[in-house]
Amino acid sequence: LVPRMQGFGTTIFAEMSALAVRTGSINLGQGFPDTDGPPGMLDAAVEAIRSGGNQYPPGPGLPELRRAVAEQRRARYGLEYDPDTEVYITVGATEGIAASVLALANPGDEVIVFEPYYDSYAATIALAGAVRRPVTLRPDGGRFTFDPDELRAAVGPRTRMILVNSPHNPAGTVFTRAELEAIADLCREHDLIALTDEVYEYLTFDDAEHIPLATLDGMRERTVAVSSAGKTFSVTGWKTGWVTAPAPYVRAVQTVKQFMTYAAGGPWQRAVAYALRNELDWVARLRDSLQAKRDRLVAGLEAAGFAAVRPQGTYFVQADIRPLGFTDGMELALALPEKVGVVAIPTQVFYDDAAAGSHFVRFAFCKKDEVIDEAVERLRRLG
Ligand code: PMP
Ligand code: GLN
């Protein structure tokens with residue numbers, strides 16, 4: 001293994017899901033739903049397979065999906081993208097992020113990330129030979145946020161890019177317009193690229209609203225936005241994502257992406273194009289149901305003795321383990337399956353500043369109510 005990838009080992013999600021299987025535990029670790037996406041969309045995938053959509057799709061993606069993505073960005077956010085030159089279909093958001101970083105960050109360039117950061121960011125930045133510069137999100141007034149001065153101090157002569165994930169996994173924060181303005185100010189001032197990971201764009205709760213960074217003044221021209229179907233339509237296994245950006249950035253992404261996978265799976269693309277056009281009411285109901293599940297899990301975690309931070313979006317709750325007398329989230333996450341038969345994610349693996357994250361574990365609530373209830377029952381035995 002090349003030195004720059006040493007230390008990345010196995011992703012925490014694979015490790016913890018394997019642990020769940022091995023111990024027969026309830027898996028509230030890796031974020032995937034235990035119910036299926038909209039039936040019409042599943043039928044569209046089957047139909048695509050049955051009707052011969054089984055050979056290479058065009059590298060940039062099926063035109064019908066690129067058009068559906070462009071229409072979605074326009075209808076929902078007022079953002080205009082040319083489906084032929086400014087939309088590119090990828091193998092999930094993961095590939096979109098990797099291709100963007102590899103295409104746009106030079107060796108030695110710095111990429112700012114908000115920690116706790118999604119694990120693929122660190123690996124991808126390392127793969128590019130670039131350097132990550134974390135800015136820590138800390139709980140403040142019931143949500144995780146950053147100090148704008150710390151963000152400003154993180155920008156230096158080698159800064160190339162700010163990677164912004166909102167709604168944020170695992171913190172659950174949906175950045176406010178003011179927070180996004182603070183990021184945008186720095187991008188405009190220092191001529192930085194913003195790479196936005198918007199995979200939870202539909203999964204926001206209460207009055208939290210997802211605002212794409214590209215909608216802010218002067219930001220469309222410097223933003224590479226990434227999203228995917230996995231979370232929106234409960235098909236995390238379909239690995240169908242997209243990049244929307246000005247044409248020169250999309251061409252850069254294309255140059256890299258075409259040699260990683262050439263194209264993303266065809267039948268899924270057809271079904272996702274259908275879903276973006278016809279299943280957004282289904283997504284609204286999914287959002288409502290996830291909000292209720294969030295409240296169910298937060299209440300349960302609090303009853304079990306954790307201090308839970310109620311997320312504004314995503315699938316995940318960050319739980320502070322200190323009220324239960326624990327201090328090391330990794331130790332607890334490794335012991336939980338044996339102790340009570342529940343798997344969670346130790347959030348500290350997403351931090352450079354281990355002290356900031358060592359007392360959190362992340363629980364997923366994209367599960368059936370009875371699964372959440374049973375997990376909570378088990379967790380109550382901890383106290
Ligand atoms: N970014 C974040 C923040 C995620 O939580 C995930 C997992 N859905 C991804 C990217 C990867 O998305 P995909 O499965 O579409 O590659
Ligand atoms: N996004 C999912 C999570 O945060 C995991 C995806 C993966 O396993 N790579 O749980």
# chains A, B, ... in the order shown; residues from 1 in each chain; ligands from 1
$ residues_around --residues "range 241-258 of chain A" --least-positions-apart "4" --cutoff "10 Å" --atoms "only C-alpha atoms" --output "PyMOL selection string"
chain A and resi 59-61+65-66+69-70+73+79-104+193+195-197+199+214+220-230+262-264+269+272
$ residues_near_ligand --ligand "ligand 2" --cutoff "6 Å" --atoms "only C-alpha atoms and all ligand atoms" --output "PDB file with N, CA and C atoms, in the first residue's frame"
ATOM      1  N   PHE A  13     -17.518   1.835   8.782  1.00  0.00           N
ATOM      2  CA  PHE A  13     -18.860   1.324   8.482  1.00  0.00           C
ATOM      3  C   PHE A  13     -18.823  -0.180   8.206  1.00  0.00           C
ATOM      4  N   GLN A  30     -23.916   1.753  10.590  1.00  0.00           N
ATOM      5  CA  GLN A  30     -23.953   2.205   9.192  1.00  0.00           C
ATOM      6  C   GLN A  30     -25.347   2.711   8.824  1.00  0.00           C
ATOM      7  N   GLY A  31     -25.388   3.861   8.132  1.00  0.00           N
ATOM      8  CA  GLY A  31     -26.683   4.479   7.836  1.00  0.00           C
ATOM      9  C   GLY A  31     -27.311   3.935   6.570  1.00  0.00           C
TER      10      GLY A  31
END
$ residues_around --residues "Arg310 in chain A" --least-positions-apart "4" --cutoff "8 Å" --atoms "only C-alpha atoms" --output "mmCIF file with N, CA and C atoms, in the first residue's frame"
data_model
loop_
_atom_site.group_PDB
_atom_site.id
_atom_site.type_symbol
_atom_site.label_atom_id
_atom_site.label_comp_id
_atom_site.auth_asym_id
_atom_site.auth_seq_id
_atom_site.Cartn_x
_atom_site.Cartn_y
_atom_site.Cartn_z
ATOM 1 N N GLY A 142 -27.611 23.547 21.446
ATOM 2 C CA GLY A 142 -28.390 22.402 20.992
ATOM 3 C C GLY A 142 -28.069 21.902 19.601
ATOM 4 N N ARG A 143 -27.072 22.507 18.936
ATOM 5 C CA ARG A 143 -26.642 21.997 17.634
ATOM 6 C C ARG A 143 -25.144 22.191 17.502
ATOM 7 N N GLY A 172 -25.429 16.192 12.208
ATOM 8 C CA GLY A 172 -26.860 16.447 12.093
ATOM 9 C C GLY A 172 -27.193 17.921 11.884
ATOM 10 N N ARG A 294 -36.517 10.237 14.486
ATOM 11 C CA ARG A 294 -35.494 11.008 15.209
ATOM 12 C C ARG A 294 -35.951 11.258 16.641
ATOM 13 N N ASP A 295 -37.202 11.744 16.763
ATOM 14 C CA ASP A 295 -37.691 12.070 18.107
ATOM 15 C C ASP A 295 -37.792 10.818 18.968
ATOM 16 N N VAL A 298 -34.148 9.926 19.957
ATOM 17 C CA VAL A 298 -33.598 10.909 20.911
ATOM 18 C C VAL A 298 -34.221 10.681 22.294
ATOM 19 N N VAL A 317 -28.045 10.528 15.106
ATOM 20 C CA VAL A 317 -27.998 11.278 16.365
ATOM 21 C C VAL A 317 -26.606 11.101 16.965
ATOM 22 N N GLN A 318 -26.020 12.220 17.372
ATOM 23 C CA GLN A 318 -24.785 12.172 18.143
ATOM 24 C C GLN A 318 -25.169 12.081 19.617
#
$ closest_residue --among "A:Glu47, A:Glu179, A:Glu201, A:Asp191" --to "ligand 1" --atoms "only C-alpha atoms and all ligand atoms"
A:Glu201
$ atom_distance --atom1 "CA of Ala335 in chain A" --atom2 "CA of Gln312 in chain A"
28.6 Å
$ select_by_dssp --residues "range 114-357 of chain A" --states "strand (DSSP E)" --output "ChimeraX atom specification"
/A:114-115,131-136,138-140,143-145,159-165,193-197,223-228,240-244,307-309,316-320,342-343,345-346
$ atom_distance --atom1 "CA of Asp207 in chain A" --atom2 "CA of Val174 in chain A"
10.3 Å
$ residues_around --residues "Ala123 in chain A" --least-positions-apart "4" --cutoff "10 Å" --atoms "only C-alpha atoms" --output "list in words"
Arg4, Met5, Gln6, Gly7, Phe8, Thr11, Ala98, Tyr118, Asp119, Leu127, Ala128, Gly129 and Arg132 of chain A
$ residues_around --residues "range 48-54 of chain A" --least-positions-apart "4" --cutoff "8 Å" --atoms "only C-alpha atoms" --output "PyMOL selection string"
chain A and resi 44+266-267+270-271
